[in-house]
Amino acid sequence: MYLDFYKFKEFPFALSCDERFFYESEIHAEALANMIYTIQQRKGMVLITGEVGAGKTFLGNVLQSRLGSSCLTVHIQNPPQSGKQLIKAISSRIGINVSSTADKITILEQLEQYLIRLHHRNRLVALVLDEAQGLTPASLEEIRLLWNWEIEGHRLIQIVLIGQPELRQKLQNPRWEPLRQRIVLSYHLGRLSPEDVEKYIDHRIRVAADEGCLASFTPAAKAEVRAATDGIPRSINILCDNALLVGYAKGVHIIDRAIIAEVIKDMTCWQIKSSPVSYELNDRMDFAE
């Protein structure tokens with residue numbers, strides 16, 4: 001709707017997980033690099049947590065892309081509730097023709113043998129489970145058992161758990177101590193800092209810009225965005241997209257603080273904050289602490 005007005009070739013704040021729009025803040029870049037290293041070197045299980053809208057799924061998609069064709073990556077969002085359904089889903093995604101009447105033991109045997117064959121062909125296999133905070137005890141137990149599969153001292157499948165903070169709390173239960181000990185890399189994706197919010201907005205506009213792009217956000221507008229969204233990427237996208245729509249309706253190319261305030265008042269259920277909220281910079285969280 002407003003693409004021609006601002007001279008965009010595409011929408012800069014769409015909610016899709018297009019890797020070109022991925023903004024590598026310090027914590028995102030560090031987490032991604034270490035995730036790739038841990039998987040490629042078969043070091044151990046990975047845990048990534050973050051609030052709703054923090055970019056966890058986006059990070060998982062970028063991870064899959066960066067691992068490339070050298071790694072067979074199975075990315076499952078909203079994993080099934082039962083252990084059998086989880087194993088069945090993994091087997092199907094990995095390329096096994098699973099019979100609808102097969103029992104769990106048969107499926108597990110097929111999966112293990114398939115992974116062994118891939119190992120002998122030097123194929124790396126990674127399982128990325130998104131929204132993992134919803135995993136049932138039965139599914140968590142299956143993940144623990146999957147991790148135990150190895151041959152010649154090498155794990156047959158590398159596992160990444162991605163979820164909301166409840167997942168981290170769930171794994172603190174003494175019952176999951178054996179699983180927790182297998183996690184060698186852990187990150188929590190916090191809110192973007194004020195500086196990162198500015199860079200995030202500029203980055204997405206730059207990627208979407210056509211020649212002679214006219215859109216820009218004033219420093220005060222960016223500060224208001226940070227205050228209103230608490231630095232959550234998904235919320236930033238929603239607010240900035242609506243701000244561009246209002247700017248288009250008003251016939252202005254520069255998004256100022258007044259437009260942001262208008263969007264917050266009329267187009268969202270958020271509250272206007274009198275001053276930007278202060279948050280600490282994203283921190284790497286040591287799971288052992």
# chains A, B, ... in the order shown; residues from 1 in each chain; ligands from 1
$ residues_around --residues "range 84-99 of chain A" --least-positions-apart "6" --cutoff "7 Å" --atoms "only C-alpha atoms" --output "list in words"
Val74, Ile107, Leu111 and Ser139 of chain A
$ residues_around --residues "Tyr200 in chain A" --least-positions-apart "3" --cutoff "12 Å" --atoms "only C-alpha atoms" --output "ChimeraX atom specification"
/A:12-13,21-26,191-197,203-207,217,222,225-226,231-234,236-237,240
$ closest_residue --among "A:Ile162, A:Gly83, A:Phe5, A:Gln172" --to "Glu141 in chain A" --atoms "only C-alpha atoms"
A:Gly83
$ closest_residue --among "A:Arg155, A:Lys56, A:Lys250, A:His75" --to "Ile39 in chain A" --atoms "only C-alpha atoms"
A:Arg155
$ closest_atom_pairs --of "range 143-163 of chain A" --to "range 173-189 of chain A" --cutoff "10 Å" --atoms "only C-alpha atoms" --output "JSON lines"
{"residue": "A:Ile143", "atom": "CA", "partner": "A:Leu179", "partner_atom": "CA", "distance": 8.3}
{"residue": "A:Arg144", "atom": "CA", "partner": "A:Leu179", "partner_atom": "CA", "distance": 5.7}
{"residue": "A:Leu145", "atom": "CA", "partner": "A:Leu179", "partner_atom": "CA", "distance": 9.2}
{"residue": "A:Trp147", "atom": "CA", "partner": "A:Arg182", "partner_atom": "CA", "distance": 8.3}
{"residue": "A:Asn148", "atom": "CA", "partner": "A:Arg182", "partner_atom": "CA", "distance": 9.6}
{"residue": "A:Ile159", "atom": "CA", "partner": "A:Ile183", "partner_atom": "CA", "distance": 9.2}
{"residue": "A:Val160", "atom": "CA", "partner": "A:Ile183", "partner_atom": "CA", "distance": 9.1}
{"residue": "A:Leu161", "atom": "CA", "partner": "A:Ile183", "partner_atom": "CA", "distance": 9.5}
{"residue": "A:Ile162", "atom": "CA", "partner": "A:Tyr187", "partner_atom": "CA", "distance": 9.8}
{"residue": "A:Gly163", "atom": "CA", "partner": "A:His188", "partner_atom": "CA", "distance": 9.7}
$ write_last_selection --atoms "N, CA and C atoms" --output "mmCIF file, in the first residue's frame"
data_model
loop_
_atom_site.group_PDB
_atom_site.id
_atom_site.type_symbol
_atom_site.label_atom_id
_atom_site.label_comp_id
_atom_site.auth_asym_id
_atom_site.auth_seq_id
_atom_site.Cartn_x
_atom_site.Cartn_y
_atom_site.Cartn_z
ATOM 1 N N ILE A 143 13.550 -37.177 24.063
ATOM 2 C CA ILE A 143 14.691 -36.363 23.632
ATOM 3 C C ILE A 143 15.954 -36.807 24.355
ATOM 4 N N ARG A 144 15.819 -37.077 25.637
ATOM 5 C CA ARG A 144 16.976 -37.550 26.399
ATOM 6 C C ARG A 144 17.506 -38.858 25.822
ATOM 7 N N LEU A 145 16.596 -39.762 25.480
ATOM 8 C CA LEU A 145 17.013 -41.051 24.933
ATOM 9 C C LEU A 145 17.626 -40.898 23.537
ATOM 10 N N TRP A 147 19.289 -38.386 22.498
ATOM 11 C CA TRP A 147 20.628 -37.840 22.671
ATOM 12 C C TRP A 147 21.635 -38.922 23.037
ATOM 13 N N ASN A 148 21.187 -39.988 23.648
ATOM 14 C CA ASN A 148 22.096 -41.054 24.056
ATOM 15 C C ASN A 148 22.590 -41.899 22.883
ATOM 16 N N ILE A 159 20.916 -31.717 18.993
ATOM 17 C CA ILE A 159 19.596 -31.238 19.412
ATOM 18 C C ILE A 159 19.664 -29.791 19.908
ATOM 19 N N VAL A 160 18.727 -28.970 19.395
ATOM 20 C CA VAL A 160 18.589 -27.581 19.824
ATOM 21 C C VAL A 160 17.173 -27.394 20.364
ATOM 22 N N LEU A 161 17.065 -26.948 21.600
ATOM 23 C CA LEU A 161 15.771 -26.660 22.224
ATOM 24 C C LEU A 161 15.572 -25.149 22.257
ATOM 25 N N ILE A 162 14.468 -24.683 21.677
ATOM 26 C CA ILE A 162 14.159 -23.258 21.641
ATOM 27 C C ILE A 162 12.804 -23.046 22.307
ATOM 28 N N GLY A 163 12.729 -22.122 23.252
ATOM 29 C CA GLY A 163 11.451 -21.921 23.921
ATOM 30 C C GLY A 163 11.405 -20.662 24.767
#
$ closest_residue --among "A:Val125, A:Ala102, A:Leu171, A:Ala258" --to "Gln40 in chain A" --atoms "only C-alpha atoms"
A:Val125
$ closest_residue --among "A:Gln41, A:Leu63, A:Pro165, A:Gln113" --to "Leu127 in chain A" --atoms "only C-alpha atoms"
A:Leu63
$ atom_distance --atom1 "CA of Ser70 in chain A" --atom2 "CA of Arg20 in chain A"
21.0 Å
$ select_by_dssp --residues "range 120-232 of chain A" --states "strand (DSSP E)" --output "number ranges by chain"
A: 124-130, 150-151, 154-155, 158-163, 183-189, 216-217
$ write_last_selection --atoms "N, CA and C atoms" --output "tab-separated table (two decimals), in the first residue's frame"
chain	number	residue	atom	x	y	z
A	124	LEU	N	25.78	-34.83	8.83
A	124	LEU	CA	25.45	-34.27	10.13
A	124	LEU	C	23.94	-34.07	10.20
A	125	VAL	N	23.35	-34.42	11.33
A	125	VAL	CA	21.90	-34.28	11.50
A	125	VAL	C	21.62	-33.43	12.73
A	126	ALA	N	20.77	-32.43	12.56
A	126	ALA	CA	20.40	-31.55	13.69
A	126	ALA	C	18.89	-31.50	13.83
A	127	LEU	N	18.43	-31.56	15.06
A	127	LEU	CA	17.01	-31.44	15.38
A	127	LEU	C	16.79	-30.13	16.13
A	128	VAL	N	15.97	-29.25	15.56
A	128	VAL	CA	15.64	-27.97	16.20
A	128	VAL	C	14.18	-28.03	16.62
A	129	LEU	N	13.93	-27.98	17.92
A	129	LEU	CA	12.58	-28.04	18.46
A	129	LEU	C	12.18	-26.65	18.97
A	130	ASP	N	11.27	-26.00	18.25
A	130	ASP	CA	10.82	-24.67	18.62
A	130	ASP	C	9.58	-24.76	19.50
A	150	GLU	N	24.64	-42.98	19.96
A	150	GLU	CA	25.95	-42.62	19.42
A	150	GLU	C	26.60	-43.82	18.78
A	151	ILE	N	27.59	-43.54	17.96
A	151	ILE	CA	28.37	-44.59	17.32
A	151	ILE	C	29.78	-44.05	17.12
A	154	HIS	N	30.50	-40.65	18.51
A	154	HIS	CA	29.83	-39.47	17.94
A	154	HIS	C	28.33	-39.58	18.12
A	155	ARG	N	27.70	-38.50	18.56
A	155	ARG	CA	26.25	-38.47	18.68
A	155	ARG	C	25.63	-38.53	17.29
A	158	GLN	N	22.21	-34.00	16.66
A	158	GLN	CA	22.47	-32.82	17.48
A	158	GLN	C	21.13	-32.15	17.78
A	159	ILE	N	20.92	-31.72	18.99
A	159	ILE	CA	19.60	-31.24	19.41
A	159	ILE	C	19.66	-29.79	19.91
A	160	VAL	N	18.73	-28.97	19.40
A	160	VAL	CA	18.59	-27.58	19.82
A	160	VAL	C	17.17	-27.39	20.36
A	161	LEU	N	17.06	-26.95	21.60
A	161	LEU	CA	15.77	-26.66	22.22
A	161	LEU	C	15.57	-25.15	22.26
A	162	ILE	N	14.47	-24.68	21.68
A	162	ILE	CA	14.16	-23.26	21.64
A	162	ILE	C	12.80	-23.05	22.31
A	163	GLY	N	12.73	-22.12	23.25
A	163	GLY	CA	11.45	-21.92	23.92
A	163	GLY	C	11.41	-20.66	24.77
A	183	ILE	N	23.24	-30.24	28.23
A	183	ILE	CA	23.21	-28.92	27.60
A	183	ILE	C	24.55	-28.23	27.83
A	184	VAL	N	25.27	-28.02	26.74
A	184	VAL	CA	26.60	-27.42	26.86
A	184	VAL	C	26.62	-25.96	26.43
A	185	LEU	N	25.54	-25.50	25.78
A	185	LEU	CA	25.48	-24.12	25.32
A	185	LEU	C	24.09	-23.57	25.59
A	186	SER	N	24.02	-22.43	26.28
A	186	SER	CA	22.73	-21.88	26.67
A	186	SER	C	22.75	-20.36	26.53
A	187	TYR	N	21.73	-19.82	25.85
A	187	TYR	CA	21.58	-18.38	25.69
A	187	TYR	C	20.15	-17.96	25.99
A	188	HIS	N	20.01	-16.77	26.53
A	188	HIS	CA	18.70	-16.16	26.67
A	188	HIS	C	18.70	-14.89	25.82
A	189	LEU	N	17.74	-14.79	24.90
A	189	LEU	CA	17.64	-13.62	24.04
A	189	LEU	C	16.81	-12.55	24.75
A	216	SER	N	12.23	7.52	6.69
A	216	SER	CA	13.20	7.58	7.79
A	216	SER	C	12.45	7.83	9.09
A	217	PHE	N	13.06	7.39	10.19
A	217	PHE	CA	12.53	7.62	11.53
A	217	PHE	C	13.46	8.59	12.25
$ select_by_dssp --residues "range 85-286 of chain A" --states "alpha helix (DSSP H)" --output "PyMOL selection string"
chain A and resi 85-94+104-120+137-148+165-171+177-180+194-208+219-229+233-250+257-267
